[in-house]
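Structure file input26.pdb with PDB, C-alpha atoms (C1' of nucleotides):
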ATOM      1  CA  MET A   1       2.970  25.990  18.435
ATOM      2  CA  ARG A   2       0.175  24.790  20.689
ATOM      3  CA  ILE A   3      -3.233  23.597  19.650
ATOM      4  CA  GLY A   4      -5.076  26.878  20.172
ATOM      5  CA  GLU A   5      -2.789  28.811  17.890
ATOM      6  CA  LEU A   6      -2.899  26.101  15.238
ATOM      7  CA  ALA A   7      -6.682  26.182  15.432
ATOM      8  CA  ARG A   8      -6.751  29.949  14.904
ATOM      9  CA  ARG A   9      -4.178  29.929  12.132
ATOM     10  CA  SER A  10      -5.707  27.055  10.227
ATOM     11  CA  GLY A  11      -9.301  28.077  10.813
ATOM     12  CA  VAL A  12     -10.582  24.873  12.369
ATOM     13  CA  SER A  13     -11.681  24.066  15.899
ATOM     14  CA  VAL A  14      -9.489  22.649  18.611
ATOM     15  CA  ARG A  15     -11.796  19.665  18.757
ATOM     16  CA  ALA A  16     -11.293  19.036  15.066
ATOM     17  CA  LEU A  17      -7.522  19.014  15.475
ATOM     18  CA  ARG A  18      -7.721  16.429  18.218
ATOM     19  CA  TYR A  19     -10.052  14.425  16.035
ATOM     20  CA  TYR A  20      -7.573  14.552  13.170
ATOM     21  CA  GLU A  21      -4.890  13.205  15.433
ATOM     22  CA  GLU A  22      -7.206  10.427  16.563
ATOM     23  CA  GLN A  23      -7.728   9.565  12.898
ATOM     24  CA  LYS A  24      -3.968   9.553  12.270
ATOM     25  CA  LEU A  25      -4.217  12.497   9.941
ATOM     26  CA  LEU A  26      -2.019  14.752  11.998
ATOM     27  CA  GLU A  27       0.766  14.152  14.467
ATOM     28  CA  SER A  28       2.124  16.233  17.263
ATOM     29  CA  ALA A  29       5.009  16.176  19.672
ATOM     30  CA  ARG A  30       4.224  16.663  23.326
ATOM     31  CA  THR A  31       5.716  19.158  25.730
ATOM     32  CA  SER A  32       6.932  18.147  29.192
ATOM     33  CA  GLY A  33       3.434  18.993  30.428
ATOM     34  CA  ASN A  34       1.792  16.666  27.888
ATOM     35  CA  GLN A  35       0.486  19.449  25.683
ATOM     36  CA  ARG A  36       0.523  19.089  21.911
ATOM     37  CA  ASP A  37       3.338  20.878  20.143
ATOM     38  CA  TYR A  38       3.031  21.410  16.402
ATOM     39  CA  LEU A  39       5.528  22.323  13.715
ATOM     40  CA  GLU A  40       4.929  25.302  11.442
ATOM     41  CA  GLY A  41       4.088  22.967   8.593
ATOM     42  CA  ALA A  42       1.040  21.772  10.490
ATOM     43  CA  VAL A  43      -0.917  24.823   9.354
ATOM     44  CA  SER A  44      -0.735  23.963   5.680
ATOM     45  CA  ARG A  45      -1.228  20.311   6.448
ATOM     46  CA  VAL A  46      -4.457  21.050   8.259
ATOM     47  CA  GLN A  47      -5.583  23.244   5.399
ATOM     48  CA  LEU A  48      -4.837  20.409   3.019
ATOM     49  CA  ILE A  49      -6.842  18.023   5.174
ATOM     50  CA  GLN A  50      -9.718  20.484   5.182
ATOM     51  CA  GLN A  51      -9.604  20.761   1.426
ATOM     52  CA  LEU A  52      -9.747  17.011   1.023
ATOM     53  CA  TYR A  53     -12.619  16.771   3.477
ATOM     54  CA  ALA A  54     -14.379  19.494   1.564
ATOM     55  CA  ALA A  55     -13.849  17.464  -1.570
ATOM     56  CA  GLY A  56     -15.911  14.734   0.011
ATOM     57  CA  LEU A  57     -13.142  12.308   0.916
ATOM     58  CA  SER A  58     -13.576  10.322   4.105
ATOM     59  CA  SER A  59     -10.936  10.416   6.799
ATOM     60  CA  GLY A  60      -9.962   6.872   5.912
ATOM     61  CA  THR A  61      -9.345   7.805   2.309
ATOM     62  CA  ILE A  62      -7.414  10.877   3.354
ATOM     63  CA  VAL A  63      -5.225   8.731   5.568
ATOM     64  CA  ASP A  64      -4.501   6.535   2.568
ATOM     65  CA  LEU A  65      -3.783   9.394   0.207
ATOM     66  CA  LEU A  66      -2.057  12.040   2.301
ATOM     67  CA  PRO A  67       1.375  10.388   1.995
ATOM     68  CA  CYS A  68       1.430  10.564  -1.773
ATOM     69  CA  VAL A  69      -0.122  14.013  -1.831
ATOM     70  CA  THR A  70       2.780  15.284   0.227
ATOM     71  CA  THR A  71       5.548  13.141  -1.251
ATOM     72  CA  GLY A  72       4.430  12.643  -4.837
ATOM     73  CA  LEU A  73       5.206   8.944  -4.501
ATOM     74  CA  ALA A  74       2.604   6.209  -4.647
ATOM     75  CA  THR A  75       2.073   2.519  -5.111
ATOM     76  CA  GLN A  76      -0.151   1.240  -7.889
ATOM     77  CA  GLU A  77      -2.974   0.805  -5.424
ATOM     78  CA  MET A  78      -2.629   4.379  -4.202
ATOM     79  CA  LEU A  79      -2.558   5.665  -7.753
ATOM     80  CA  ASP A  80      -5.751   3.776  -8.518
ATOM     81  CA  GLN A  81      -7.417   5.281  -5.486
ATOM     82  CA  LEU A  82      -6.199   8.740  -6.472
ATOM     83  CA  VAL A  83      -7.723   8.351  -9.906
ATOM     84  CA  THR A  84     -10.956   6.982  -8.456
ATOM     85  CA  GLU A  85     -11.345   9.956  -6.159
ATOM     86  CA  ARG A  86     -10.399  12.423  -8.854
ATOM     87  CA  ASP A  87     -13.073  10.951 -11.098
ATOM     88  CA  ARG A  88     -15.607  11.007  -8.289
ATOM     89  CA  ILE A  89     -14.927  14.688  -7.791
ATOM     90  CA  ALA A  90     -15.241  15.338 -11.502
ATOM     91  CA  THR A  91     -18.596  13.587 -11.569
ATOM     92  CA  ARG A  92     -19.726  15.575  -8.567
ATOM     93  CA  ILE A  93     -18.699  18.825 -10.221
ATOM     94  CA  ASP A  94     -20.820  17.821 -13.164
ATOM     95  CA  GLU A  95     -23.840  17.087 -11.002
ATOM     96  CA  LEU A  96     -23.485  20.376  -9.214
ATOM     97  CA  GLY A  97     -23.117  22.179 -12.511
ATOM     98  CA  GLN A  98     -26.426  20.716 -13.666
ATOM     99  CA  ALA A  99     -28.155  21.641 -10.445
ATOM    100  CA  LYS A 100     -26.766  25.147 -10.718
ATOM    101  CA  GLN A 101     -28.051  25.460 -14.259
ATOM    102  CA  LYS A 102     -31.459  24.366 -13.064
ATOM    103  CA  LEU A 103     -31.518  27.027 -10.371
ATOM    104  CA  ASP A 104     -30.175  29.599 -12.815
ATOM    105  CA  ARG A 105     -33.059  28.902 -15.150
ATOM    106  CA  VAL A 106     -35.578  29.066 -12.339
ATOM    107  CA  ILE A 107     -34.158  32.385 -11.207
ATOM    108  CA  GLU A 108     -34.341  33.692 -14.748
ATOM    109  CA  GLN A 109     -37.981  32.629 -15.017
ATOM    110  CA  VAL A 110     -38.888  34.160 -11.709
ATOM    111  CA  VAL A 111     -37.233  37.436 -12.601
ATOM    112  CA  ALA A 112     -38.910  37.459 -15.993
ATOM    113  CA  ALA A 113     -42.324  36.761 -14.471
ATOM    114  CA  GLY A 114     -41.833  39.254 -11.675
ATOM    115  CA  VAL A 115     -41.843  38.566  -7.975
ATOM    116  CA  VAL A 116     -45.090  37.424  -6.409
ATOM    117  CA  THR A 117     -46.484  39.259  -3.389
ATOM    118  CA  GLY A 118     -48.272  36.660  -1.359
ATOM    119  CA  ASP A 119     -46.995  36.803   2.198
ATOM    120  CA  SER A 120     -48.483  37.333   5.592
ATOM    121  CA  PRO A 121     -47.898  40.897   6.808
ATOM    122  CA  THR A 122     -45.241  41.475   9.471
ATOM    123  CA  PRO A 123     -47.282  41.704  12.710
TER     124      PRO A 123
ATOM    125  CA  MET B 124     -48.579   3.647  -9.672
ATOM    126  CA  ARG B 125     -47.665   2.111  -6.337
ATOM    127  CA  ILE B 126     -44.586   2.794  -4.275
ATOM    128  CA  GLY B 127     -42.507  -0.142  -5.463
ATOM    129  CA  GLU B 128     -42.810   0.809  -9.089
ATOM    130  CA  LEU B 129     -42.055   4.448  -8.363
ATOM    131  CA  ALA B 130     -38.973   3.362  -6.459
ATOM    132  CA  ARG B 131     -37.735   1.266  -9.375
ATOM    133  CA  ARG B 132     -38.502   3.900 -11.979
ATOM    134  CA  SER B 133     -36.982   6.787 -10.073
ATOM    135  CA  GLY B 134     -34.032   4.847  -8.747
ATOM    136  CA  VAL B 135     -34.520   5.499  -5.045
ATOM    137  CA  SER B 136     -35.531   3.219  -2.212
ATOM    138  CA  VAL B 137     -39.061   2.701  -0.978
ATOM    139  CA  ARG B 138     -37.918   3.992   2.385
ATOM    140  CA  ALA B 139     -36.664   7.188   0.787
ATOM    141  CA  LEU B 140     -40.040   7.795  -0.858
ATOM    142  CA  ARG B 141     -41.869   7.438   2.431
ATOM    143  CA  TYR B 142     -39.309   9.757   3.968
ATOM    144  CA  TYR B 143     -39.939  12.355   1.261
ATOM    145  CA  GLU B 144     -43.618  12.223   2.014
ATOM    146  CA  GLU B 145     -42.917  12.648   5.702
ATOM    147  CA  GLN B 146     -40.891  15.736   4.803
ATOM    148  CA  LYS B 147     -43.738  17.077   2.663
ATOM    149  CA  LEU B 148     -41.649  16.817  -0.469
ATOM    150  CA  LEU B 149     -43.949  14.380  -2.184
ATOM    151  CA  GLU B 150     -47.628  13.647  -1.935
ATOM    152  CA  SER B 151     -49.639  10.603  -2.771
ATOM    153  CA  ALA B 152     -53.243   9.616  -3.015
ATOM    154  CA  ARG B 153     -54.312   6.489  -1.198
ATOM    155  CA  THR B 154     -56.159   3.507  -2.549
ATOM    156  CA  SER B 155     -59.107   2.000  -0.732
ATOM    157  CA  GLY B 156     -56.628  -0.281   0.990
ATOM    158  CA  ASN B 157     -54.527   2.651   2.227
ATOM    159  CA  GLN B 158     -51.730   2.088  -0.226
ATOM    160  CA  ARG B 159     -49.917   5.019  -1.796
ATOM    161  CA  ASP B 160     -50.956   5.816  -5.329
ATOM    162  CA  TYR B 161     -48.714   8.092  -7.383
ATOM    163  CA  LEU B 162     -49.236  10.017 -10.573
ATOM    164  CA  GLU B 163     -46.891   9.586 -13.523
ATOM    165  CA  GLY B 164     -45.338  12.953 -12.795
ATOM    166  CA  ALA B 165     -44.040  11.633  -9.500
ATOM    167  CA  VAL B 166     -41.102  10.012 -11.276
ATOM    168  CA  SER B 167     -39.641  13.273 -12.513
ATOM    169  CA  ARG B 168     -40.498  14.987  -9.270
ATOM    170  CA  VAL B 169     -38.532  12.414  -7.314
ATOM    171  CA  GLN B 170     -35.632  12.803  -9.715
ATOM    172  CA  LEU B 171     -35.760  16.541  -9.181
ATOM    173  CA  ILE B 172     -35.735  16.056  -5.437
ATOM    174  CA  GLN B 173     -32.749  13.773  -5.767
ATOM    175  CA  GLN B 174     -30.918  16.339  -7.824
ATOM    176  CA  LEU B 175     -31.523  19.031  -5.246
ATOM    177  CA  TYR B 176     -30.404  16.730  -2.458
ATOM    178  CA  ALA B 177     -27.322  15.929  -4.469
ATOM    179  CA  ALA B 178     -26.702  19.640  -4.785
ATOM    180  CA  GLY B 179     -26.423  19.775  -1.016
ATOM    181  CA  LEU B 180     -29.789  21.331  -0.213
ATOM    182  CA  SER B 181     -31.493  20.199   2.975
ATOM    183  CA  SER B 182     -35.005  18.835   2.878
ATOM    184  CA  GLY B 183     -36.253  22.008   4.524
ATOM    185  CA  THR B 184     -34.747  24.161   1.813
ATOM    186  CA  ILE B 185     -36.126  21.875  -0.862
ATOM    187  CA  VAL B 186     -39.575  22.168   0.666
ATOM    188  CA  ASP B 187     -39.231  25.940   0.455
ATOM    189  CA  LEU B 188     -37.967  25.985  -3.097
ATOM    190  CA  LEU B 189     -39.796  23.173  -4.853
ATOM    191  CA  PRO B 190     -42.907  25.278  -5.512
ATOM    192  CA  CYS B 191     -41.048  27.912  -7.467
ATOM    193  CA  VAL B 192     -38.884  25.352  -9.230
ATOM    194  CA  THR B 193     -42.021  23.744 -10.605
ATOM    195  CA  THR B 194     -44.110  26.864 -11.129
ATOM    196  CA  GLY B 195     -41.540  29.528 -11.938
ATOM    197  CA  LEU B 196     -43.243  31.840  -9.481
ATOM    198  CA  ALA B 197     -41.654  33.091  -6.274
ATOM    199  CA  THR B 198     -41.888  35.667  -3.556
ATOM    200  CA  GLN B 199     -38.971  37.977  -2.857
ATOM    201  CA  GLU B 200     -37.942  35.770   0.032
ATOM    202  CA  MET B 201     -37.966  32.688  -2.136
ATOM    203  CA  LEU B 202     -35.953  34.444  -4.795
ATOM    204  CA  ASP B 203     -33.366  35.447  -2.223
ATOM    205  CA  GLN B 204     -33.121  31.875  -1.036
ATOM    206  CA  LEU B 205     -32.802  30.658  -4.613
ATOM    207  CA  VAL B 206     -29.932  33.021  -5.218
ATOM    208  CA  THR B 207     -28.286  32.078  -1.944
ATOM    209  CA  GLU B 208     -28.372  28.390  -2.803
ATOM    210  CA  ARG B 209     -27.228  28.999  -6.349
ATOM    211  CA  ASP B 210     -24.237  30.921  -5.031
ATOM    212  CA  ARG B 211     -23.507  28.228  -2.487
ATOM    213  CA  ILE B 212     -23.426  25.662  -5.242
ATOM    214  CA  ALA B 213     -21.167  27.860  -7.340
ATOM    215  CA  THR B 214     -18.761  28.224  -4.442
ATOM    216  CA  ARG B 215     -18.815  24.489  -3.888
ATOM    217  CA  ILE B 216     -18.059  23.848  -7.551
ATOM    218  CA  ASP B 217     -15.080  26.121  -7.192
ATOM    219  CA  GLU B 218     -13.808  24.287  -4.131
ATOM    220  CA  LEU B 219     -14.189  20.958  -5.825
ATOM    221  CA  GLY B 220     -12.419  22.286  -8.890
ATOM    222  CA  GLN B 221      -9.454  23.267  -6.763
ATOM    223  CA  ALA B 222      -9.382  19.904  -5.023
ATOM    224  CA  LYS B 223      -9.554  18.181  -8.387
ATOM    225  CA  GLN B 224      -6.651  20.232  -9.677
ATOM    226  CA  LYS B 225      -4.673  19.246  -6.620
ATOM    227  CA  LEU B 226      -5.314  15.557  -7.234
ATOM    228  CA  ASP B 227      -4.595  16.006 -10.928
ATOM    229  CA  ARG B 228      -1.199  17.439 -10.108
ATOM    230  CA  VAL B 229      -0.448  14.682  -7.644
ATOM    231  CA  ILE B 230      -1.388  12.068 -10.208
ATOM    232  CA  GLU B 231       0.835  13.749 -12.746
ATOM    233  CA  GLN B 232       3.737  13.747 -10.319
ATOM    234  CA  VAL B 233       3.233  10.141  -9.391
ATOM    235  CA  VAL B 234       3.089   9.082 -13.000
ATOM    236  CA  ALA B 235       6.179  11.119 -13.821
ATOM    237  CA  ALA B 236       8.101   9.631 -10.904
ATOM    238  CA  GLY B 237       6.896   6.110 -11.602
ATOM    239  CA  VAL B 238       4.905   3.870  -9.322
ATOM    240  CA  VAL B 239       6.568   2.669  -6.162
ATOM    241  CA  THR B 240       6.642  -1.045  -5.362
ATOM    242  CA  GLY B 241       6.465  -1.317  -1.628
ATOM    243  CA  ASP B 242       3.656  -3.640  -0.646
ATOM    244  CA  SER B 243       3.327  -6.774   1.368
ATOM    245  CA  PRO B 244       3.057  -9.854  -0.868
ATOM    246  CA  THR B 245      -0.334 -11.505  -1.268
ATOM    247  CA  PRO B 246      -0.170 -14.477   1.140
TER     248      PRO B 246
ATOM    249  C1'  DG C 247       1.147  32.688  45.076
ATOM    250  C1'  DT C 248      -3.001  32.746  42.872
ATOM    251  C1'  DA C 249      -6.402  33.452  39.452
ATOM    252  C1'  DA C 250      -7.477  32.931  34.809
ATOM    253  C1'  DA C 251      -6.642  30.930  30.438
ATOM    254  C1'  DA C 252      -5.461  27.166  27.847
ATOM    255  C1'  DC C 253      -4.942  22.321  27.626
ATOM    256  C1'  DC C 254      -5.742  17.331  28.755
ATOM    257  C1'  DT C 255      -8.694  12.781  28.484
ATOM    258  C1'  DG C 256     -13.003  10.490  28.258
ATOM    259  C1'  DA C 257     -17.467  10.145  27.126
ATOM    260  C1'  DC C 258     -21.953  11.300  25.603
ATOM    261  C1'  DG C 259     -24.822  14.341  22.226
ATOM    262  C1'  DT C 260     -25.980  16.015  17.452
ATOM    263  C1'  DT C 261     -27.609  15.922  12.664
ATOM    264  C1'  DG C 262     -29.769  14.218   8.261
ATOM    265  C1'  DA C 263     -31.185  10.881   5.129
ATOM    266  C1'  DC C 264     -32.250   7.165   5.174
ATOM    267  C1'  DG C 265     -31.566   1.350   6.665
ATOM    268  C1'  DT C 266     -33.678  -2.150   9.040
ATOM    269  C1'  DC C 267     -36.684  -4.787  11.841
ATOM    270  C1'  DA C 268     -41.233  -6.034  13.909
ATOM    271  C1'  DG C 269     -45.839  -6.953  13.441
ATOM    272  C1'  DC C 270     -49.827  -6.314  10.794
ATOM    273  C1'  DT C 271     -52.773  -5.782   6.335
ATOM    274  C1'  DG C 272     -53.877  -5.920   1.138
ATOM    275  C1'  DC C 273     -54.128  -8.230  -2.967
ATOM    276  C1'  DA C 274     -53.436 -11.301  -7.070
ATOM    277  C1'  DA C 275     -52.637 -16.416  -8.368
ATOM    278  C1'  DG C 276     -53.465 -21.167  -8.316
TER     279       DG C 276
ATOM    280  C1'  DC D 277     -58.154 -20.910   0.876
ATOM    281  C1'  DT D 278     -53.686 -20.179   1.396
ATOM    282  C1'  DT D 279     -49.388 -18.825  -0.081
ATOM    283  C1'  DG D 280     -46.612 -15.085  -0.605
ATOM    284  C1'  DC D 281     -45.075 -10.760  -2.260
ATOM    285  C1'  DA D 282     -46.055  -5.911  -1.681
ATOM    286  C1'  DG D 283     -47.400  -2.330   1.330
ATOM    287  C1'  DC D 284     -48.435  -0.103   5.939
ATOM    288  C1'  DT D 285     -46.941   2.247  10.519
ATOM    289  C1'  DG D 286     -43.804   2.901  14.202
ATOM    290  C1'  DA D 287     -39.613   2.896  16.119
ATOM    291  C1'  DC D 288     -34.853   2.132  16.791
ATOM    292  C1'  DG D 289     -30.064   1.908  14.334
ATOM    293  C1'  DT D 290     -26.334   4.057  11.475
ATOM    294  C1'  DC D 291     -22.440   6.886  10.182
ATOM    295  C1'  DA D 292     -19.083  10.761  10.188
ATOM    296  C1'  DA D 293     -17.182  14.825  11.814
ATOM    297  C1'  DC D 294     -17.204  16.996  15.034
ATOM    298  C1'  DG D 295     -19.862  19.833  19.569
ATOM    299  C1'  DT D 296     -20.153  19.882  24.290
ATOM    300  C1'  DC D 297     -19.661  18.858  29.039
ATOM    301  C1'  DA D 298     -17.193  17.074  33.215
ATOM    302  C1'  DG D 299     -13.374  16.943  35.986
ATOM    303  C1'  DG D 300      -8.572  17.495  36.338
ATOM    304  C1'  DT D 301      -3.641  19.612  34.981
ATOM    305  C1'  DT D 302      -0.435  23.152  32.956
ATOM    306  C1'  DT D 303       0.858  27.676  31.580
ATOM    307  C1'  DT D 304       0.623  32.457  31.801
ATOM    308  C1'  DA D 305      -0.196  37.017  33.921
ATOM    309  C1'  DC D 306      -0.021  39.733  37.655
TER     310       DC D 306
END
Give the structure from this file in structure tokens form.
Amino acid sequence: MRIGELARRSGVSVRALRYYEEQKLLESARTSGNQRDYLEGAVSRVQLIQQLYAAGLSSGTIVDLLPCVTTGLATQEMLDQLVTERDRIATRIDELGQAKQKLDRVIEQVVAAGVVTGDSPTP
Amino acid sequence: MRIGELARRSGVSVRALRYYEEQKLLESARTSGNQRDYLEGAVSRVQLIQQLYAAGLSSGTIVDLLPCVTTGLATQEMLDQLVTERDRIATRIDELGQAKQKLDRVIEQVVAAGVVTGDSPTP
DNA sequence: GTAAAACCTGACGTTGACGTCAGCTGCAAG
DNA sequence: CTTGCAGCTGACGTCAACGTCAGGTTTTAC
């Protein structure tokens, strides 16, 4: 599979895939014409990378943790880092939950008070 | 209250407070010597701003929404934006929850398999 | 064979929330 | 008075995950 297809199937940009390779997150074979050639498994790997990015991990951290995420094996240091990140995510979920509650309450108030009509007319 | 005290009490940097003012998120009176002079309420306002930032809102969005967060009054447009952001946060919480579950499972696996000892010695 | 996609490397541009530095002013203490 | 911290404005620096452009090569379609 070449880079364009992987991009479509995994939902990220071609540029992002090249960036992942630069960051050692993703590897590719090369064809005789020097074009990247990916295995099928690359799709789920890219999706995994995306999920970890979305979780707020840096590329460096992902590089450190991807091996044990895929193999289930880790050194003590890796385990510590895993736990650290897991806890960070948990904390973040908490923060977001509080912010959401705040907005929920504001929305409730606004709805209860009725919407204000104070805009400029559409010219 | 001057800017240094507000920074200490709200837990953000002096630079951040000046930035908030630049972004119209925070206002201050000025003393005769042109120094910023804040009301007591500024502390909680800054904390609120921080919470909204932490929730992933941009300063522009916060500018739009702060009025109704503090007053409970909103136009239809503001209400729509409120709901949009609330939903965005909810989605994000979901994503983070999934990522957390993934790390939880990995940690479980690692613990079940036992920690690997494969490091370079400390020289 | 040739035109159009798709791909390559390399390098500069973007964005947001500040950090940091320079050079100047205000203000309370001894 | 002067020492020295706190504050002021203005402006450039940062960092990460890409976007985008330039200039060239490879693959595909006809």
Which of B:Val233, B:Leu202, B:Ala139, B:Leu129 sits closest to chain C [using only C-alpha atoms (C1' of nucleotides)]: B:Ala139
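Remark: for chain D, the closest of the candidate residues B:Ala165, B:Ala222, B:Met201, B:Val137 is B:Val137 (distances computed over all atoms listed in the file).
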Decode the PyMOL selection byres ((chain A) within 12 of (chain C)) for the given file into explicit residues and return them as a PyMOL selection string. chain A and resi 2-5+14-15+18+30-31+33-37
Once chain B is fitted onto chain A by least squares over all its in-order Cα atoms, send the moved chain as a tab-separated table (two decimals) with C-alpha atoms, in the coordinates of the input.
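File written: part26.tsv
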chain	number	residue	atom	x	y	z
B	124	MET	CA	2.96	26.02	18.45
B	125	ARG	CA	0.17	24.82	20.71
B	126	ILE	CA	-3.25	23.63	19.69
B	127	GLY	CA	-5.11	26.89	20.21
B	128	GLU	CA	-2.83	28.83	17.93
B	129	LEU	CA	-2.94	26.13	15.27
B	130	ALA	CA	-6.72	26.20	15.45
B	131	ARG	CA	-6.82	29.97	14.95
B	132	ARG	CA	-4.25	29.96	12.17
B	133	SER	CA	-5.77	27.08	10.25
B	134	GLY	CA	-9.36	28.09	10.83
B	135	VAL	CA	-10.62	24.88	12.38
B	136	SER	CA	-11.73	24.06	15.90
B	137	VAL	CA	-9.52	22.64	18.61
B	138	ARG	CA	-11.83	19.65	18.73
B	139	ALA	CA	-11.31	19.05	15.03
B	140	LEU	CA	-7.53	19.03	15.47
B	141	ARG	CA	-7.72	16.43	18.21
B	142	TYR	CA	-10.06	14.44	16.01
B	143	TYR	CA	-7.57	14.57	13.14
B	144	GLU	CA	-4.90	13.22	15.41
B	145	GLU	CA	-7.21	10.45	16.53
B	146	GLN	CA	-7.71	9.59	12.87
B	147	LYS	CA	-3.95	9.58	12.27
B	148	LEU	CA	-4.21	12.52	9.92
B	149	LEU	CA	-2.02	14.78	11.99
B	150	GLU	CA	0.75	14.19	14.46
B	151	SER	CA	2.11	16.27	17.26
B	152	ALA	CA	5.00	16.21	19.64
B	153	ARG	CA	4.24	16.66	23.30
B	154	THR	CA	5.73	19.12	25.73
B	155	SER	CA	6.93	18.07	29.15
B	156	GLY	CA	3.45	18.90	30.40
B	157	ASN	CA	1.80	16.61	27.84
B	158	GLN	CA	0.54	19.43	25.68
B	159	ARG	CA	0.51	19.11	21.91
B	160	ASP	CA	3.32	20.90	20.14
B	161	TYR	CA	3.01	21.46	16.40
B	162	LEU	CA	5.49	22.39	13.73
B	163	GLU	CA	4.89	25.37	11.46
B	164	GLY	CA	4.04	23.05	8.61
B	165	ALA	CA	1.01	21.83	10.51
B	166	VAL	CA	-0.96	24.87	9.37
B	167	SER	CA	-0.78	24.01	5.69
B	168	ARG	CA	-1.25	20.35	6.44
B	169	VAL	CA	-4.48	21.08	8.27
B	170	GLN	CA	-5.62	23.26	5.40
B	171	LEU	CA	-4.88	20.43	3.01
B	172	ILE	CA	-6.87	18.04	5.16
B	173	GLN	CA	-9.75	20.48	5.17
B	174	GLN	CA	-9.64	20.75	1.42
B	175	LEU	CA	-9.76	17.00	1.01
B	176	TYR	CA	-12.63	16.74	3.47
B	177	ALA	CA	-14.40	19.46	1.55
B	178	ALA	CA	-13.87	17.44	-1.59
B	179	GLY	CA	-15.93	14.69	-0.01
B	180	LEU	CA	-13.14	12.29	0.91
B	181	SER	CA	-13.57	10.30	4.11
B	182	SER	CA	-10.92	10.40	6.79
B	183	GLY	CA	-9.93	6.86	5.90
B	184	THR	CA	-9.33	7.79	2.29
B	185	ILE	CA	-7.40	10.87	3.34
B	186	VAL	CA	-5.21	8.74	5.57
B	187	ASP	CA	-4.48	6.54	2.57
B	188	LEU	CA	-3.77	9.39	0.20
B	189	LEU	CA	-2.05	12.03	2.29
B	190	PRO	CA	1.38	10.40	1.99
B	191	CYS	CA	1.43	10.56	-1.78
B	192	VAL	CA	-0.12	14.01	-1.84
B	193	THR	CA	2.79	15.29	0.21
B	194	THR	CA	5.55	13.14	-1.27
B	195	GLY	CA	4.44	12.63	-4.86
B	196	LEU	CA	5.21	8.95	-4.50
B	197	ALA	CA	2.60	6.20	-4.65
B	198	THR	CA	2.07	2.51	-5.09
B	199	GLN	CA	-0.16	1.22	-7.87
B	200	GLU	CA	-2.98	0.80	-5.39
B	201	MET	CA	-2.63	4.36	-4.19
B	202	LEU	CA	-2.57	5.64	-7.74
B	203	ASP	CA	-5.76	3.75	-8.50
B	204	GLN	CA	-7.41	5.26	-5.47
B	205	LEU	CA	-6.20	8.71	-6.47
B	206	VAL	CA	-7.73	8.32	-9.89
B	207	THR	CA	-10.95	6.96	-8.44
B	208	GLU	CA	-11.34	9.94	-6.14
B	209	ARG	CA	-10.40	12.39	-8.86
B	210	ASP	CA	-13.08	10.92	-11.09
B	211	ARG	CA	-15.60	11.00	-8.28
B	212	ILE	CA	-14.92	14.67	-7.79
B	213	ALA	CA	-15.24	15.31	-11.51
B	214	THR	CA	-18.60	13.56	-11.56
B	215	ARG	CA	-19.73	15.56	-8.57
B	216	ILE	CA	-18.70	18.81	-10.24
B	217	ASP	CA	-20.82	17.80	-13.19
B	218	GLU	CA	-23.84	17.08	-11.01
B	219	LEU	CA	-23.48	20.37	-9.23
B	220	GLY	CA	-23.12	22.15	-12.54
B	221	GLN	CA	-26.41	20.70	-13.69
B	222	ALA	CA	-28.15	21.63	-10.46
B	223	LYS	CA	-26.75	25.14	-10.75
B	224	GLN	CA	-28.05	25.45	-14.29
B	225	LYS	CA	-31.45	24.35	-13.08
B	226	LEU	CA	-31.50	27.03	-10.39
B	227	ASP	CA	-30.16	29.58	-12.85
B	228	ARG	CA	-33.06	28.88	-15.17
B	229	VAL	CA	-35.57	29.07	-12.36
B	230	ILE	CA	-34.15	32.38	-11.23
B	231	GLU	CA	-34.34	33.67	-14.77
B	232	GLN	CA	-37.96	32.62	-15.04
B	233	VAL	CA	-38.87	34.16	-11.73
B	234	VAL	CA	-37.22	37.42	-12.63
B	235	ALA	CA	-38.90	37.44	-16.03
B	236	ALA	CA	-42.31	36.76	-14.50
B	237	GLY	CA	-41.81	39.25	-11.69
B	238	VAL	CA	-41.81	38.57	-7.99
B	239	VAL	CA	-45.06	37.46	-6.42
B	240	THR	CA	-46.41	39.30	-3.38
B	241	GLY	CA	-48.18	36.73	-1.30
B	242	ASP	CA	-46.88	36.84	2.24
B	243	SER	CA	-48.35	37.33	5.64
B	244	PRO	CA	-47.76	40.87	6.93
B	245	THR	CA	-45.13	41.41	9.61
B	246	PRO	CA	-47.18	41.63	12.84
Between atom CA of Arg45 of chain A and atom CA of Glu27 of chain A, what is the spacing in Å? 10.3 Å
Any chance you could tabulate, as a Markdown table, the residues of chain D at most 9 Å from chain B with each one's nearest atom pair and distance in Å to one decimal, using all atoms listed in the file, in chain and rising number order?
| residue | atom | partner | partner_atom | distance |
| --- | --- | --- | --- | --- |
| D:DA282 | C1' | B:Gly127 | CA | 7.8 |
| D:DG283 | C1' | B:Gln158 | CA | 6.4 |
| D:DC284 | C1' | B:Gln158 | CA | 7.3 |
Those residues you just picked out, can you put them in a file as a compact mmCIF listing (two decimals), in the coordinates of the input with C-alpha atoms (C1' of nucleotides)?
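The new file again-v1.txt reads:
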# COMPACT_ATOMS: atom_id res chain seq x y z
C1' DA D 282 -46.06 -5.91 -1.68
C1' DG D 283 -47.40 -2.33 1.33
C1' DC D 284 -48.44 -0.10 5.94
Expand the PyMOL selection byres ((chain D and resi 292) around 9) into the explicit residue set it covers here, and present it as an MDAnalysis selection string. (chainID A and resid 58:59) or (chainID D and resid 291 293:294)
